[in-house]
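Data block for input_5.pdb (PDB, C-alpha atoms and all ligand atoms):
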```
ATOM      1  CA  MET G 568      -4.142   2.543  -8.781  1.00  0.00           C
ATOM      2  CA  ARG G 569      -4.498   6.126  -7.593  1.00  0.00           C
ATOM      3  CA  ILE G 570      -6.674   8.516  -9.635  1.00  0.00           C
ATOM      4  CA  ASP G 571      -7.199  12.226  -8.970  1.00  0.00           C
ATOM      5  CA  ALA G 572      -9.794  14.224 -10.894  1.00  0.00           C
ATOM      6  CA  ILE G 573      -9.896  18.038 -10.813  1.00  0.00           C
ATOM      7  CA  SER G 574     -13.102  19.800 -11.831  1.00  0.00           C
ATOM      8  CA  ILE G 575     -15.406  22.713 -11.031  1.00  0.00           C
ATOM      9  CA  PHE G 576     -18.236  20.116 -11.080  1.00  0.00           C
ATOM     10  CA  PRO G 577     -17.006  17.372  -8.737  1.00  0.00           C
ATOM     11  CA  GLU G 578     -20.581  16.008  -8.562  1.00  0.00           C
ATOM     12  CA  TYR G 579     -20.095  14.549 -12.041  1.00  0.00           C
ATOM     13  CA  PHE G 580     -17.831  11.924 -10.534  1.00  0.00           C
ATOM     14  CA  GLY G 581     -20.496  10.636  -8.126  1.00  0.00           C
ATOM     15  CA  VAL G 582     -21.395   7.815 -10.488  1.00  0.00           C
ATOM     16  CA  LEU G 583     -17.956   6.293  -9.888  1.00  0.00           C
ATOM     17  CA  GLU G 584     -19.516   4.985  -6.662  1.00  0.00           C
ATOM     18  CA  LEU G 585     -21.761   2.693  -8.708  1.00  0.00           C
ATOM     19  CA  SER G 586     -21.421  -0.815 -10.036  1.00  0.00           C
ATOM     20  CA  LEU G 587     -18.068  -2.316 -10.991  1.00  0.00           C
ATOM     21  CA  LEU G 588     -15.971   0.759 -10.177  1.00  0.00           C
ATOM     22  CA  GLY G 589     -17.751   1.328  -6.873  1.00  0.00           C
ATOM     23  CA  ARG G 590     -16.912  -2.231  -5.853  1.00  0.00           C
ATOM     24  CA  ALA G 591     -13.299  -1.828  -7.019  1.00  0.00           C
ATOM     25  CA  ARG G 592     -13.023   1.316  -4.871  1.00  0.00           C
ATOM     26  CA  ALA G 593     -14.596  -0.388  -1.873  1.00  0.00           C
ATOM     27  CA  ARG G 594     -12.143  -3.288  -2.275  1.00  0.00           C
ATOM     28  CA  GLY G 595      -9.182  -0.893  -2.360  1.00  0.00           C
ATOM     29  CA  LEU G 596      -8.129  -1.715  -5.948  1.00  0.00           C
ATOM     30  CA  ILE G 597      -8.692   1.861  -7.041  1.00  0.00           C
ATOM     31  CA  ASP G 598      -8.379   5.027  -4.987  1.00  0.00           C
ATOM     32  CA  VAL G 599     -10.228   7.936  -6.625  1.00  0.00           C
ATOM     33  CA  GLN G 600      -9.985  11.441  -5.154  1.00  0.00           C
ATOM     34  CA  VAL G 601     -12.044  14.249  -6.671  1.00  0.00           C
ATOM     35  CA  HIS G 602     -10.906  17.856  -6.179  1.00  0.00           C
ATOM     36  CA  ASP G 603     -13.077  20.951  -6.545  1.00  0.00           C
ATOM     37  CA  LEU G 604     -10.946  23.471  -8.463  1.00  0.00           C
ATOM     38  CA  ARG G 605     -12.841  26.302  -6.759  1.00  0.00           C
ATOM     39  CA  ASP G 606     -11.360  25.273  -3.392  1.00  0.00           C
ATOM     40  CA  ALA G 607      -8.136  26.795  -4.767  1.00  0.00           C
ATOM     41  CA  ALA G 608      -9.780  30.076  -5.831  1.00  0.00           C
ATOM     42  CA  HIS G 609      -9.464  32.471  -2.924  1.00  0.00           C
ATOM     43  CA  ASP G 610     -11.391  35.582  -3.959  1.00  0.00           C
ATOM     44  CA  ARG G 611     -14.918  36.197  -2.709  1.00  0.00           C
ATOM     45  CA  HIS G 612     -16.510  34.812  -5.877  1.00  0.00           C
ATOM     46  CA  ARG G 613     -14.165  31.811  -6.131  1.00  0.00           C
ATOM     47  CA  THR G 614     -13.223  32.910  -9.661  1.00  0.00           C
ATOM     48  CA  VAL G 615     -11.519  30.327 -11.875  1.00  0.00           C
ATOM     49  CA  ASP G 616     -11.784  32.013 -15.297  1.00  0.00           C
ATOM     50  CA  GLY G 617     -10.864  35.194 -17.103  1.00  0.00           C
ATOM     51  CA  THR G 618     -11.265  36.898 -20.476  1.00  0.00           C
ATOM     52  CA  PRO G 619      -8.884  35.666 -23.185  1.00  0.00           C
ATOM     53  CA  ALA G 620      -5.628  37.594 -23.601  1.00  0.00           C
ATOM     54  CA  GLY G 621      -5.692  39.131 -27.081  1.00  0.00           C
ATOM     55  CA  GLY G 622      -9.482  39.245 -27.113  1.00  0.00           C
ATOM     56  CA  GLY G 623     -12.113  36.904 -28.480  1.00  0.00           C
ATOM     57  CA  ALA G 624     -15.211  35.071 -27.318  1.00  0.00           C
ATOM     58  CA  GLY G 625     -15.612  32.923 -24.238  1.00  0.00           C
ATOM     59  CA  MET G 626     -13.527  32.584 -21.094  1.00  0.00           C
ATOM     60  CA  VAL G 627     -10.216  30.875 -20.297  1.00  0.00           C
ATOM     61  CA  MET G 628      -9.395  29.107 -17.029  1.00  0.00           C
ATOM     62  CA  ARG G 629      -6.832  31.024 -14.947  1.00  0.00           C
ATOM     63  CA  PRO G 630      -3.608  29.214 -14.078  1.00  0.00           C
ATOM     64  CA  GLU G 631      -3.393  29.846 -10.296  1.00  0.00           C
ATOM     65  CA  PRO G 632      -6.147  27.474  -9.059  1.00  0.00           C
ATOM     66  CA  TRP G 633      -4.746  24.755 -11.355  1.00  0.00           C
ATOM     67  CA  GLY G 634      -1.257  25.370 -10.004  1.00  0.00           C
ATOM     68  CA  GLU G 635      -2.305  25.192  -6.364  1.00  0.00           C
ATOM     69  CA  THR G 636      -4.399  22.025  -6.886  1.00  0.00           C
ATOM     70  CA  LEU G 637      -1.823  20.202  -9.020  1.00  0.00           C
ATOM     71  CA  ASP G 638       1.056  21.173  -6.687  1.00  0.00           C
ATOM     72  CA  ALA G 639      -0.822  19.654  -3.741  1.00  0.00           C
ATOM     73  CA  ILE G 640      -1.519  16.417  -5.643  1.00  0.00           C
ATOM     74  CA  MET G 641       2.085  16.178  -6.866  1.00  0.00           C
ATOM     75  CA  ALA G 642       3.483  16.852  -3.373  1.00  0.00           C
ATOM     76  CA  GLU G 643       1.260  14.184  -1.844  1.00  0.00           C
ATOM     77  CA  SER G 644       2.239  11.617  -4.474  1.00  0.00           C
ATOM     78  CA  ALA G 645       5.950  12.545  -4.454  1.00  0.00           C
ATOM     79  CA  ALA G 646       6.666  10.053  -1.688  1.00  0.00           C
ATOM     80  CA  GLY G 647       8.396   7.197  -3.466  1.00  0.00           C
ATOM     81  CA  GLU G 648       7.727   8.474  -6.979  1.00  0.00           C
ATOM     82  CA  THR G 649      10.360   9.682  -9.439  1.00  0.00           C
ATOM     83  CA  SER G 650       9.678  11.805 -12.537  1.00  0.00           C
ATOM     84  CA  ASP G 651       8.968   8.795 -14.713  1.00  0.00           C
ATOM     85  CA  ASP G 652       6.934   6.811 -12.311  1.00  0.00           C
ATOM     86  CA  GLY G 653       5.209   9.927 -10.985  1.00  0.00           C
ATOM     87  CA  PRO G 654       1.714  10.780 -12.163  1.00  0.00           C
ATOM     88  CA  ILE G 655       0.582  11.096 -15.760  1.00  0.00           C
ATOM     89  CA  ILE G 656      -1.517  14.254 -15.983  1.00  0.00           C
ATOM     90  CA  ILE G 657      -4.270  13.901 -18.576  1.00  0.00           C
ATOM     91  CA  PHE G 658      -6.147  16.951 -19.787  1.00  0.00           C
ATOM     92  CA  PRO G 659      -9.274  15.822 -21.682  1.00  0.00           C
ATOM     93  CA  SER G 660      -9.428  18.038 -24.762  1.00  0.00           C
ATOM     94  CA  PRO G 661     -10.915  17.827 -28.256  1.00  0.00           C
ATOM     95  CA  ALA G 662      -7.497  19.185 -29.354  1.00  0.00           C
ATOM     96  CA  GLY G 663      -5.683  16.112 -27.971  1.00  0.00           C
ATOM     97  CA  GLU G 664      -4.554  12.747 -29.344  1.00  0.00           C
ATOM     98  CA  VAL G 665      -7.448  10.292 -29.711  1.00  0.00           C
ATOM     99  CA  PHE G 666      -8.107   7.876 -26.839  1.00  0.00           C
ATOM    100  CA  THR G 667      -7.933   4.199 -27.857  1.00  0.00           C
ATOM    101  CA  GLN G 668      -8.028   0.772 -26.243  1.00  0.00           C
ATOM    102  CA  ALA G 669      -4.239   0.659 -26.701  1.00  0.00           C
ATOM    103  CA  MET G 670      -3.932   3.862 -24.652  1.00  0.00           C
ATOM    104  CA  ALA G 671      -6.288   2.423 -22.014  1.00  0.00           C
ATOM    105  CA  ARG G 672      -4.021  -0.647 -21.758  1.00  0.00           C
ATOM    106  CA  GLU G 673      -0.954   1.583 -21.375  1.00  0.00           C
ATOM    107  CA  LEU G 674      -2.577   3.762 -18.701  1.00  0.00           C
ATOM    108  CA  ALA G 675      -3.807   0.698 -16.770  1.00  0.00           C
ATOM    109  CA  GLU G 676      -0.133  -0.105 -16.027  1.00  0.00           C
ATOM    110  CA  GLU G 677       0.405   3.241 -14.274  1.00  0.00           C
ATOM    111  CA  ARG G 678       0.344   3.841 -10.528  1.00  0.00           C
ATOM    112  CA  HIS G 679      -1.119   7.323 -10.604  1.00  0.00           C
ATOM    113  CA  LEU G 680      -3.321   9.197 -13.101  1.00  0.00           C
ATOM    114  CA  VAL G 681      -4.511  12.788 -12.735  1.00  0.00           C
ATOM    115  CA  PHE G 682      -7.414  14.077 -14.864  1.00  0.00           C
ATOM    116  CA  GLY G 683      -7.597  17.872 -15.215  1.00  0.00           C
ATOM    117  CA  CYS G 684     -11.079  18.687 -16.473  1.00  0.00           C
ATOM    118  CA  GLY G 685     -11.313  22.078 -18.179  1.00  0.00           C
ATOM    119  CA  ARG G 686     -14.440  24.041 -19.006  1.00  0.00           C
ATOM    120  CA  TYR G 687     -15.011  27.196 -21.051  1.00  0.00           C
ATOM    121  CA  GLU G 688     -12.653  27.789 -23.992  1.00  0.00           C
ATOM    122  CA  GLY G 689      -9.804  25.968 -22.303  1.00  0.00           C
ATOM    123  CA  ILE G 690      -7.066  26.321 -19.713  1.00  0.00           C
ATOM    124  CA  ASP G 691      -4.265  28.920 -19.756  1.00  0.00           C
ATOM    125  CA  GLN G 692      -1.423  27.383 -21.825  1.00  0.00           C
ATOM    126  CA  ARG G 693       1.114  28.023 -19.035  1.00  0.00           C
ATOM    127  CA  VAL G 694      -0.491  25.238 -16.959  1.00  0.00           C
ATOM    128  CA  PHE G 695       0.407  22.681 -19.671  1.00  0.00           C
ATOM    129  CA  ASP G 696       3.909  24.173 -19.999  1.00  0.00           C
ATOM    130  CA  GLU G 697       4.579  24.194 -16.227  1.00  0.00           C
ATOM    131  CA  TYR G 698       3.451  20.613 -15.573  1.00  0.00           C
ATOM    132  CA  GLY G 699       4.895  19.380 -18.864  1.00  0.00           C
ATOM    133  CA  ASP G 700       8.277  20.283 -17.331  1.00  0.00           C
ATOM    134  CA  ARG G 701       7.546  18.410 -14.090  1.00  0.00           C
ATOM    135  CA  ALA G 702       5.462  15.388 -15.105  1.00  0.00           C
ATOM    136  CA  ARG G 703       4.186  13.434 -18.101  1.00  0.00           C
ATOM    137  CA  VAL G 704       1.328  15.536 -19.532  1.00  0.00           C
ATOM    138  CA  ARG G 705      -1.054  14.333 -22.261  1.00  0.00           C
ATOM    139  CA  LEU G 706      -3.988  16.061 -23.965  1.00  0.00           C
ATOM    140  CA  VAL G 707      -6.463  13.336 -24.841  1.00  0.00           C
ATOM    141  CA  SER G 708      -9.682  13.501 -26.912  1.00  0.00           C
ATOM    142  CA  LEU G 709     -12.517  11.000 -27.058  1.00  0.00           C
ATOM    143  CA  GLY G 710     -13.144  11.694 -30.737  1.00  0.00           C
ATOM    144  CA  ASP G 711     -14.079  14.331 -33.255  1.00  0.00           C
ATOM    145  CA  TYR G 712     -16.975  16.087 -31.553  1.00  0.00           C
ATOM    146  CA  VAL G 713     -17.235  18.698 -28.809  1.00  0.00           C
ATOM    147  CA  LEU G 714     -18.415  18.238 -25.218  1.00  0.00           C
ATOM    148  CA  ASN G 715     -19.046  21.078 -22.763  1.00  0.00           C
ATOM    149  CA  GLY G 716     -16.133  20.105 -20.570  1.00  0.00           C
ATOM    150  CA  GLY G 717     -13.653  17.390 -19.737  1.00  0.00           C
ATOM    151  CA  GLU G 718     -15.719  15.645 -17.046  1.00  0.00           C
ATOM    152  CA  VAL G 719     -17.709  13.203 -19.185  1.00  0.00           C
ATOM    153  CA  ALA G 720     -14.593  12.440 -21.239  1.00  0.00           C
ATOM    154  CA  ALA G 721     -12.556  11.805 -18.070  1.00  0.00           C
ATOM    155  CA  MET G 722     -15.255   9.457 -16.769  1.00  0.00           C
ATOM    156  CA  ALA G 723     -15.158   7.468 -20.009  1.00  0.00           C
ATOM    157  CA  MET G 724     -11.369   7.189 -19.825  1.00  0.00           C
ATOM    158  CA  ILE G 725     -11.425   6.275 -16.118  1.00  0.00           C
ATOM    159  CA  GLU G 726     -13.923   3.486 -16.799  1.00  0.00           C
ATOM    160  CA  ALA G 727     -12.000   2.145 -19.797  1.00  0.00           C
ATOM    161  CA  VAL G 728      -8.720   2.136 -17.830  1.00  0.00           C
ATOM    162  CA  CYS G 729      -9.988   0.832 -14.484  1.00  0.00           C
ATOM    163  CA  ARG G 730     -11.699  -2.215 -15.926  1.00  0.00           C
ATOM    164  CA  LEU G 731      -8.257  -3.305 -17.190  1.00  0.00           C
ATOM    165  CA  VAL G 732      -6.712  -3.094 -13.707  1.00  0.00           C
ATOM    166  CA  PRO G 733      -6.231  -6.675 -12.485  1.00  0.00           C
ATOM    167  CA  GLY G 734      -9.062  -7.790 -10.197  1.00  0.00           C
ATOM    168  CA  VAL G 735     -11.568  -5.091 -11.197  1.00  0.00           C
ATOM    169  CA  VAL G 736     -13.410  -7.268 -13.732  1.00  0.00           C
ATOM    170  CA  GLY G 737     -14.285 -10.565 -12.063  1.00  0.00           C
ATOM    171  CA  ASN G 738     -13.711 -12.840 -15.043  1.00  0.00           C
ATOM    172  CA  PRO G 739     -10.602 -11.685 -16.943  1.00  0.00           C
ATOM    173  CA  GLU G 740     -11.598 -13.892 -19.903  1.00  0.00           C
ATOM    174  CA  SER G 741     -14.443 -11.490 -20.604  1.00  0.00           C
ATOM    175  CA  LEU G 742     -11.810  -8.835 -21.427  1.00  0.00           C
ATOM    176  CA  VAL G 743     -10.281 -10.963 -24.187  1.00  0.00           C
ATOM    177  CA  GLU G 744     -13.207 -11.366 -26.587  1.00  0.00           C
ATOM    178  CA  GLU G 745     -14.282  -7.729 -26.603  1.00  0.00           C
ATOM    179  CA  SER G 746     -14.436  -5.217 -29.422  1.00  0.00           C
ATOM    180  CA  HIS G 747     -10.994  -3.689 -30.132  1.00  0.00           C
ATOM    181  CA  GLU G 748      -8.997  -6.263 -28.177  1.00  0.00           C
ATOM    182  CA  ASP G 749      -8.053  -8.144 -31.370  1.00  0.00           C
ATOM    183  CA  GLY G 750      -8.323  -4.996 -33.522  1.00  0.00           C
ATOM    184  CA  LEU G 751     -11.785  -6.009 -34.772  1.00  0.00           C
ATOM    185  CA  LEU G 752     -15.324  -5.206 -33.636  1.00  0.00           C
ATOM    186  CA  GLU G 753     -17.102  -7.777 -31.515  1.00  0.00           C
ATOM    187  CA  TYR G 754     -19.286 -10.503 -33.077  1.00  0.00           C
ATOM    188  CA  PRO G 755     -23.063 -10.617 -32.300  1.00  0.00           C
ATOM    189  CA  SER G 756     -24.173 -12.493 -29.172  1.00  0.00           C
ATOM    190  CA  TYR G 757     -27.351 -14.500 -28.426  1.00  0.00           C
ATOM    191  CA  THR G 758     -28.962 -16.160 -25.415  1.00  0.00           C
ATOM    192  CA  LYS G 759     -32.268 -17.861 -24.515  1.00  0.00           C
ATOM    193  CA  PRO G 760     -34.973 -18.165 -25.805  1.00  0.00           C
ATOM    194  CA  ALA G 761     -34.078 -20.006 -29.018  1.00  0.00           C
ATOM    195  CA  ASP G 762     -37.025 -18.325 -30.769  1.00  0.00           C
ATOM    196  CA  TRP G 763     -37.968 -14.735 -29.901  1.00  0.00           C
ATOM    197  CA  ARG G 764     -40.780 -13.217 -32.018  1.00  0.00           C
ATOM    198  CA  GLY G 765     -39.907 -15.623 -34.790  1.00  0.00           C
ATOM    199  CA  ARG G 766     -36.249 -14.573 -34.706  1.00  0.00           C
ATOM    200  CA  THR G 767     -34.007 -17.564 -34.185  1.00  0.00           C
ATOM    201  CA  ILE G 768     -30.404 -18.060 -33.095  1.00  0.00           C
ATOM    202  CA  PRO G 769     -27.904 -18.917 -35.890  1.00  0.00           C
ATOM    203  CA  PRO G 770     -27.858 -22.769 -35.853  1.00  0.00           C
ATOM    204  CA  VAL G 771     -24.037 -22.938 -35.693  1.00  0.00           C
ATOM    205  CA  LEU G 772     -24.199 -21.502 -32.147  1.00  0.00           C
ATOM    206  CA  LEU G 773     -26.461 -24.363 -31.029  1.00  0.00           C
ATOM    207  CA  GLY G 774     -24.577 -27.175 -32.797  1.00  0.00           C
ATOM    208  CA  GLY G 775     -21.911 -27.792 -30.144  1.00  0.00           C
ATOM    209  CA  ASN G 776     -19.013 -27.570 -32.626  1.00  0.00           C
ATOM    210  CA  HIS G 777     -16.602 -25.179 -30.895  1.00  0.00           C
ATOM    211  CA  GLY G 778     -14.303 -24.833 -33.906  1.00  0.00           C
ATOM    212  CA  ALA G 779     -17.249 -23.922 -36.131  1.00  0.00           C
ATOM    213  CA  VAL G 780     -18.460 -21.394 -33.539  1.00  0.00           C
ATOM    214  CA  ARG G 781     -15.003 -19.797 -33.408  1.00  0.00           C
ATOM    215  CA  ASP G 782     -14.829 -19.556 -37.219  1.00  0.00           C
ATOM    216  CA  TRP G 783     -18.357 -18.090 -37.447  1.00  0.00           C
ATOM    217  CA  ARG G 784     -17.602 -15.463 -34.788  1.00  0.00           C
ATOM    218  CA  ARG G 785     -14.395 -14.423 -36.518  1.00  0.00           C
ATOM    219  CA  GLU G 786     -16.219 -14.088 -39.880  1.00  0.00           C
ATOM    220  CA  GLN G 787     -18.905 -12.000 -38.201  1.00  0.00           C
ATOM    221  CA  SER G 788     -16.280  -9.772 -36.559  1.00  0.00           C
ATOM    222  CA  ILE G 789     -14.522  -9.223 -39.877  1.00  0.00           C
ATOM    223  CA  ALA G 790     -17.783  -8.580 -41.773  1.00  0.00           C
ATOM    224  CA  ARG G 791     -18.997  -6.082 -39.173  1.00  0.00           C
ATOM    225  CA  THR G 792     -15.646  -4.267 -39.070  1.00  0.00           C
ATOM    226  CA  ARG G 793     -15.550  -4.113 -42.896  1.00  0.00           C
ATOM    227  CA  ARG G 794     -19.088  -2.679 -42.938  1.00  0.00           C
ATOM    228  CA  VAL G 795     -18.878  -0.024 -40.205  1.00  0.00           C
ATOM    229  CA  ARG G 796     -15.159   0.616 -39.521  1.00  0.00           C
ATOM    230  CA  PRO G 797     -13.190  -0.448 -42.616  1.00  0.00           C
ATOM    231  CA  GLU G 798     -10.203   1.679 -41.510  1.00  0.00           C
ATOM    232  CA  LEU G 799      -9.690  -0.714 -38.557  1.00  0.00           C
ATOM    233  CA  LEU G 800      -9.200  -3.797 -40.762  1.00  0.00           C
ATOM    234  CA  PRO G 801      -5.668  -5.207 -40.657  1.00  0.00           C
ATOM    235  CA  PRO G 802      -4.009  -5.032 -44.128  1.00  0.00           C
ATOM    236  CA  ASP G 803      -4.351  -8.804 -44.755  1.00  0.00           C
ATOM    237  CA  LEU G 804      -8.157  -8.506 -44.429  1.00  0.00           C
ATOM    238  CA  ARG G 805      -8.662  -5.426 -46.664  1.00  0.00           C
ATOM    239  CA  ASP G 806     -10.402  -5.351 -50.081  1.00  0.00           C
ATOM    240  CA  GLU G 807     -13.056  -7.858 -51.272  1.00  0.00           C
TER     241      GLU G 807
HETATM  242 CL1  LIG Q   1     -11.654  15.004 -24.113  1.00  0.00          CL
HETATM  243  N1  LIG Q   1     -13.185  17.150 -24.159  1.00  0.00           N
HETATM  244  C1  LIG Q   1     -14.159  17.904 -24.699  1.00  0.00           C
HETATM  245  N2  LIG Q   1     -14.494  19.067 -24.104  1.00  0.00           N
HETATM  246  N3  LIG Q   1     -14.801  17.574 -25.794  1.00  0.00           N
HETATM  247  C2  LIG Q   1     -14.463  16.426 -26.359  1.00  0.00           C
HETATM  248  C3  LIG Q   1     -13.472  15.582 -25.854  1.00  0.00           C
HETATM  249  C4  LIG Q   1     -12.849  15.979 -24.733  1.00  0.00           C
HETATM  250  N4  LIG Q   1     -13.356  14.508 -26.641  1.00  0.00           N
HETATM  251  C5  LIG Q   1     -14.244  14.675 -27.593  1.00  0.00           C
HETATM  252  N5  LIG Q   1     -14.908  15.827 -27.441  1.00  0.00           N
END
```
Just give me the structure as C-alpha cells.
Ligand code: 6GU
Amino acid sequence: MRIDAISIFPEYFGVLELSLLGRARARGLIDVQVHDLRDAAHDRHRTVDGTPAGGGAGMVMRPEPWGETLDAIMAESAAGETSDDGPIIIFPSPAGEVFTQAMARELAEERHLVFGCGRYEGIDQRVFDEYGDRARVRLVSLGDYVLNGGEVAAMAMIEAVCRLVPGVVGNPESLVEESHEDGLLEYPSYTKPADWRGRTIPPVLLGGNHGAVRDWRREQSIARTRRVRPELLPPDLRDE
C-alpha cells in the first residue's frame, strides 16, 4: 500500500519508523512518503496561509501549495491507476464523517491513500472542490473533540488501516478477537501470576474448558459494551 501525507509539520510522522509500522515499511508492505507543504510555497517566507475571505478570526490555508503538492502526487500515481482505483484523498477534519473500524477495513483494501493535514481554521474550500472532481475525497474526523491539526488524526488512521494490511500484523488471529471487530468491546485479559496483590484470575480461565471460556468472554464483552457504549449493542442484545 502506498500512503502520502502532506503537512507543514512532517516531523510528526517520524514515529511511523517505529515498531510494527516501521517493520512493515522496511519489509516493503507499506510505502509512506511525507511531503512538506511549505516546499510548494515559493515566496520568501514560504507562506501557506491567509486571512479568511469575508473576515473573521484565524487563518485559512491557501489553495496553491495544496494544488502543487497534490498534482505532483496524483501525476506520480497516475501510472496504471484510473479514477476509481486512483488515490483516496483523506482530509482529517472535525467536520468530517467519523472514522470507524469499518472504514479502516475499507481503506485497507485500497492501493493508495493520501492524507492532507490542515492546520489553522482549515483549508480553502476550492481544494476540496478541485480534487473532489478528480479523485475520491473524504473528510474524516476521529470524534467529537478538536485537535490543533490533522497530523495526529492522520497518524491514528494510518495505524488503524496499516495493521489490517495482510502481513503487517504477524498473527492475523490477533485481529479477530479485538474490540470492534464483532461490534462489541473486548473482554478483559489476564496472564501470570495467578495471584497478584491478592487479586486472582477468574477461575473459568484456568479450568481448561474452552467452551466455558468462550461463553464467559462473550458475556464480559456484552456487559462491558452495555456499561460504557450501549449505543454499540446490536438490537438483539439491547434492554435488560
Ligand atoms: Cl480529523 N482533525 C482535527 N483537527 N481535530 C479533530 C479531528 C481531526 N478529529 C477529531 N478532532
Q | Proximity to G:Leu751 - best of G:Gly737, G:Pro630, G:Gly653, G:Pro801, all atoms listed in the file | A |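 Counting all atoms listed in the file, the residue closest to G:Leu751 is G:Pro801.
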Q) Could you write out as a ChimeraX atom specification the residues that the PyMOL selection byres (((chain G and resi 688-695) around 9) and not hetatm) matches in the shown file? A) /G:616,619,624-631,633-634,658,660,685-687,696-700,704-705,716
Q: Decode the PyMOL selection byres (((not hetatm)) within 12 of (chain Q and resi 1)) for the given file into explicit residues and return them as a PyMOL selection string.
A: chain G and resi 657-667+682-690+705-725
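If you apply the PyMOL selection byres (((chain G and resi 758) around 12) and not hetatm) to this structure, you end up with G:Pro755, G:Ser756, G:Tyr757, G:Lys759, G:Pro760, G:Ala761, G:Asp762, G:Trp763, G:Arg766, G:Thr767, G:Ile768, G:Pro769, G:Leu772, G:Leu773.
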Q.
What does the structure give for the distance between atom CA of G:Glu744 and atom CA of G:Ala593, in Å to one decimal?
A.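 Distance between the two atoms: 27.1 Å.
We find atom CA of G:Glu786 and atom CA of G:Glu748 to be spaced 15.8 Å apart.
Between atom CA of G:Val599 and atom CA of G:Gly617 the separation is 29.2 Å.
Remark: for G:Glu677, the closest of the candidate residues G:Val743, G:Ala639, G:Ala790, G:Ile597 is G:Ile597 (distances computed over only C-alpha atoms).
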Q. So, counting only C-alpha atoms, which residue among G:Val735, G:Leu637, G:Cys729, G:Leu742 is closest to G:Arg594?
A.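 Nearest candidate to G:Arg594 out of G:Val735, G:Leu637, G:Cys729, G:Leu742: G:Val735.
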